[in-house]
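Accompanying notes for the structure given below.
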Amino acid sequence: MTITVNPLSPNFVAEIGNIDLREPLDKATFGALSDAINKAGVLVFHDQFIDDEQQQAFSRNFGDLETTVRAFRKDFVPRLDIHMGDISNLDDQNRILVKNDRRRLNALGNRLWHSDSSFKRVPARFSLLSARVVPDEGGETQFADMRAAWDALPEAMKRRVEGMICEHTQIFSRGKIGFTDWAPEELEKMAPVPQVMVRTHPGSGRKSLYLSSHAGRIQGMEEPDALLLLMDLIEHATQPRFVHTHTWRAGDLVIWDNRCTMHRAREYDETKVRDLHRTTVSDGVPTVLEQAAA
């Protein structure tokens with residue numbers, strides 16, 4: 001059977017139907033999904049009640065899986081497998097996190113616009129997030145189309161930013177919300193890494209801004225100038241015309257391409273359970289090397 005692709009508005013998001021992600025992919029279906037995400041950037045699948053093992057198996061069709069950076073901490077006690085990102089408000093005993101729990105405070109940084117794993121030298125290609133339990137309202141995920149944002153930049157700004165190298169780390173993004181509770185081993189392993197500001201998206205050949213709240217410096221610029229430029233660019237790239245809001249329902253799975261989108265979580269009633277599980281596919285090569293070869 002052939003999958004269905006229903007483009008949404010704005011046109012960088014598509015709903016995919018006529019597929020069961022619990023089943024192995026044949027070559028034709030994988031090719032159709034690859035074509036769809038290269039064009040759209042964000043794919044939405046409804047009614048996919050998969051478990052972690054099935055999600056990992058599906059995700060590995062697209063490349064090697066990352067491990068959670070929470071494991072950097074010596075006192076880390078996992079709730080999920082090391083290849084699963086725990087996007088929830090639950091502790092390792094499945095209890096709702098208290099307000100002052102460092103895990104909750106750290107996770108508040110997900111409400112900032114970002115690209116997954118841009119703080120790693122080899123960042124993320126795709127993220128796959130499945131909804132297991134969601135609150136009745138709130139907790140949406142918003143996505144921003146970075147290819148359209150690049151296209152809409154004035155030509156003078158395009159010339160200015162192309163070739164720039166930013167430095168990314170979670171320490172920058174969490175510092176923006178006042179979170180500083182890092183263990184020494186985390187500080188050592190999360191030193192800033194270089195990322196290009198403009199990428200050529202391999203799947204479409206289109207240029208894209210590559211921005212994230214994790215970016216805090218631009219090489220060769222004074223820090224105040226760099227921060228202002230980054231703020232201006234994120235403000236430009238997250239205008240309503242470039243943004244899609246996904247309202248979760250249990251059984252949803254969403255794939256997005258971190259090379260050409262940003263995303264952020266929205267607020268919800270944290271007395272209610274919100275339990276989503278993420279797999280993240282590594283991009284395989286640093287962006288600086290990738291862009292040099294493009």
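Simple scheme: letters A, B, ... for chains in structure tokens order, numbers from 1 for residues in each chain, numbers from 1 for ligands in the order shown.
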- Query: So which residues of range 56-202 of chain A fall under helix (DSSP H, G or I) by DSSP, listed as a PyMOL selection string?
  - Reply: chain A and resi 56-62+69-72+102-111+146-151+155-161+170-175+184-189
Writing out the chosen residues with C-alpha atoms as a short mmCIF file (atom, residue, chain, number, x, y, z; two decimals), in the first residue's frame:
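Done, and the output landed in result-v2.cif:
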```cif
data_model
loop_
_atom_site.label_atom_id
_atom_site.label_comp_id
_atom_site.auth_asym_id
_atom_site.auth_seq_id
_atom_site.Cartn_x
_atom_site.Cartn_y
_atom_site.Cartn_z
CA GLN A 56 13.94 2.84 17.94
CA ALA A 57 13.62 0.27 15.16
CA PHE A 58 11.71 2.71 12.96
CA SER A 59 14.15 5.54 13.73
CA ARG A 60 17.20 3.47 12.77
CA ASN A 61 15.94 3.42 9.17
CA PHE A 62 17.23 7.00 9.01
CA VAL A 69 23.21 13.84 27.27
CA ARG A 70 21.62 13.32 30.67
CA ALA A 71 23.98 10.34 30.93
CA PHE A 72 26.89 12.78 31.22
CA ARG A 102 16.80 20.26 38.59
CA ARG A 103 15.53 17.96 35.83
CA ARG A 104 12.37 20.05 35.54
CA LEU A 105 14.25 23.34 35.66
CA ASN A 106 16.71 22.18 33.00
CA ALA A 107 13.86 20.97 30.77
CA LEU A 108 12.24 24.42 30.86
CA GLY A 109 14.90 25.36 28.31
CA ASN A 110 12.93 23.36 25.76
CA ARG A 111 10.51 26.29 25.62
CA MET A 146 14.26 27.89 8.47
CA ARG A 147 14.44 27.49 4.70
CA ALA A 148 11.57 29.93 4.20
CA ALA A 149 13.14 32.24 6.77
CA TRP A 150 16.38 32.25 4.76
CA ASP A 151 14.52 32.93 1.52
CA GLU A 155 19.97 40.12 0.25
CA ALA A 156 22.33 42.29 2.31
CA MET A 157 21.67 40.17 5.39
CA LYS A 158 22.20 36.97 3.43
CA ARG A 159 25.61 38.21 2.32
CA ARG A 160 26.42 39.26 5.88
CA VAL A 161 25.64 35.98 7.66
CA GLN A 170 23.43 24.01 26.39
CA ILE A 171 25.20 26.13 28.97
CA PHE A 172 24.31 29.20 26.83
CA SER A 173 20.65 28.26 26.35
CA ARG A 174 20.01 27.26 29.98
CA GLY A 175 21.80 30.40 31.17
CA PRO A 184 31.69 19.35 36.72
CA GLU A 185 31.57 16.43 34.26
CA GLU A 186 28.71 18.14 32.38
CA LEU A 187 30.62 21.40 32.11
CA GLU A 188 33.62 19.51 30.74
CA LYS A 189 31.64 17.58 28.14
#
```
What's around Phe12 in chain A at 10 Å? Count only C-alpha atoms, leave out sequence neighbours fewer than 2 positions away in its own chain, and write the answer as a CSV table (one decimal) with C-alpha atoms, in the first residue's frame.
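File produced: result.csv:
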```csv
chain,number,residue,atom,x,y,z
A,7,PRO,CA,0.4,19.0,3.1
A,8,LEU,CA,-0.6,21.4,5.9
A,9,SER,CA,-0.4,25.2,6.1
A,10,PRO,CA,2.3,26.5,6.2
A,14,ALA,CA,2.7,17.2,6.1
A,36,ALA,CA,8.3,13.7,2.0
A,37,ILE,CA,10.5,14.9,4.8
A,38,ASN,CA,13.1,16.4,2.4
A,39,LYS,CA,10.3,18.5,0.9
A,40,ALA,CA,8.3,19.2,4.1
A,41,GLY,CA,10.7,19.2,7.0
A,42,VAL,CA,8.1,18.1,9.5
A,43,LEU,CA,5.9,14.9,9.2
A,143,PHE,CA,8.0,24.4,14.5
A,144,ALA,CA,9.7,27.2,12.4
A,145,ASP,CA,10.6,26.8,8.7
A,146,MET,CA,14.3,27.9,8.5
A,147,ARG,CA,14.4,27.5,4.7
A,148,ALA,CA,11.6,29.9,4.2
A,242,PHE,CA,7.0,30.6,9.2
A,243,VAL,CA,5.5,28.8,12.2
A,244,HIS,CA,3.3,25.7,12.6
A,260,CYS,CA,16.0,23.1,8.4
A,261,THR,CA,13.6,23.7,11.3
```
- Would you kindly return, as a ChimeraX atom specification, each protein, DNA or RNA residue with an atom no farther than 12 Å from any atom of Ala32 in chain A, considering only C-alpha atoms and excluding same-chain residues fewer than 2 positions away? /A:1-5,16-17,19,25-30,34-39,43
May I have the selected residues written with C-alpha atoms, as a JSON list (two decimals), in the first residue's frame?
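So result_13.json came out as:
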```json
[["chain", "number", "residue", "atom", "x", "y", "z"],
["A", 1, "MET", "CA", 0.00, 0.00, 0.00],
["A", 2, "THR", "CA", 1.14, 3.55, -0.73],
["A", 3, "ILE", "CA", 1.40, 6.17, 2.00],
["A", 4, "THR", "CA", -0.71, 9.32, 1.76],
["A", 5, "VAL", "CA", 0.85, 12.78, 2.11],
["A", 16, "ILE", "CA", 1.30, 11.02, 6.61],
["A", 17, "GLY", "CA", -1.37, 8.33, 6.47],
["A", 19, "ILE", "CA", 1.19, 3.44, 7.41],
["A", 25, "LEU", "CA", 9.58, -0.46, 6.18],
["A", 26, "ASP", "CA", 9.98, -1.73, 2.65],
["A", 27, "LYS", "CA", 12.27, 0.11, 0.24],
["A", 28, "ALA", "CA", 9.46, 1.92, -1.57],
["A", 29, "THR", "CA", 7.86, 3.20, 1.64],
["A", 30, "PHE", "CA", 11.18, 4.37, 3.04],
["A", 34, "SER", "CA", 12.47, 10.32, 2.68],
["A", 35, "ASP", "CA", 11.06, 12.32, -0.22],
["A", 36, "ALA", "CA", 8.28, 13.66, 2.00],
["A", 37, "ILE", "CA", 10.55, 14.88, 4.79],
["A", 38, "ASN", "CA", 13.07, 16.37, 2.36],
["A", 39, "LYS", "CA", 10.26, 18.46, 0.95],
["A", 43, "LEU", "CA", 5.94, 14.90, 9.17]]
```
Go through range 220-276 of chain A residue by residue and, counting only C-alpha atoms, keep those with an atom at most 12 Å from range 120-124 of chain A; for each kept residue give the shortest atom pair and its distance in Å to one decimal, ordered by chain and increasing number, as JSON lines.
```
{"residue": "A:Trp256", "atom": "CA", "partner": "A:Ala124", "partner_atom": "CA", "distance": 10.2}
{"residue": "A:Asp257", "atom": "CA", "partner": "A:Ala124", "partner_atom": "CA", "distance": 8.3}
{"residue": "A:Asn258", "atom": "CA", "partner": "A:Ala124", "partner_atom": "CA", "distance": 6.3}
{"residue": "A:Arg259", "atom": "CA", "partner": "A:Ala124", "partner_atom": "CA", "distance": 7.7}
{"residue": "A:Cys260", "atom": "CA", "partner": "A:Ala124", "partner_atom": "CA", "distance": 11.1}
{"residue": "A:Thr261", "atom": "CA", "partner": "A:Ala124", "partner_atom": "CA", "distance": 11.4}
{"residue": "A:Met262", "atom": "CA", "partner": "A:Ala124", "partner_atom": "CA", "distance": 11.7}
```
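If only C-alpha atoms are the atoms counted, then among A:Val281, A:Ala226, A:Ala183, A:Ile87 the closest residue to Glu66 in chain A is A:Val281.
Candidate residues A:Val133, A:Leu128, A:Leu65, A:Ala237 were compared for distance to Asp283 in chain A, and the nearest is A:Leu65, using only C-alpha atoms.
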- Compare A:Ala152, A:Val98, A:Leu211, A:Ile82 by their minimum atom-to-atom distance to Met231 in chain A, counting only C-alpha atoms, and give me the closest one.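 Under the stated criterion, the closest residue is A:Leu211.
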- Item | Counting only C-alpha atoms, the option among A:Gly85, A:Pro78, A:Gly139, A:Gly203 closest to Leu33 in chain A | A:Gly203
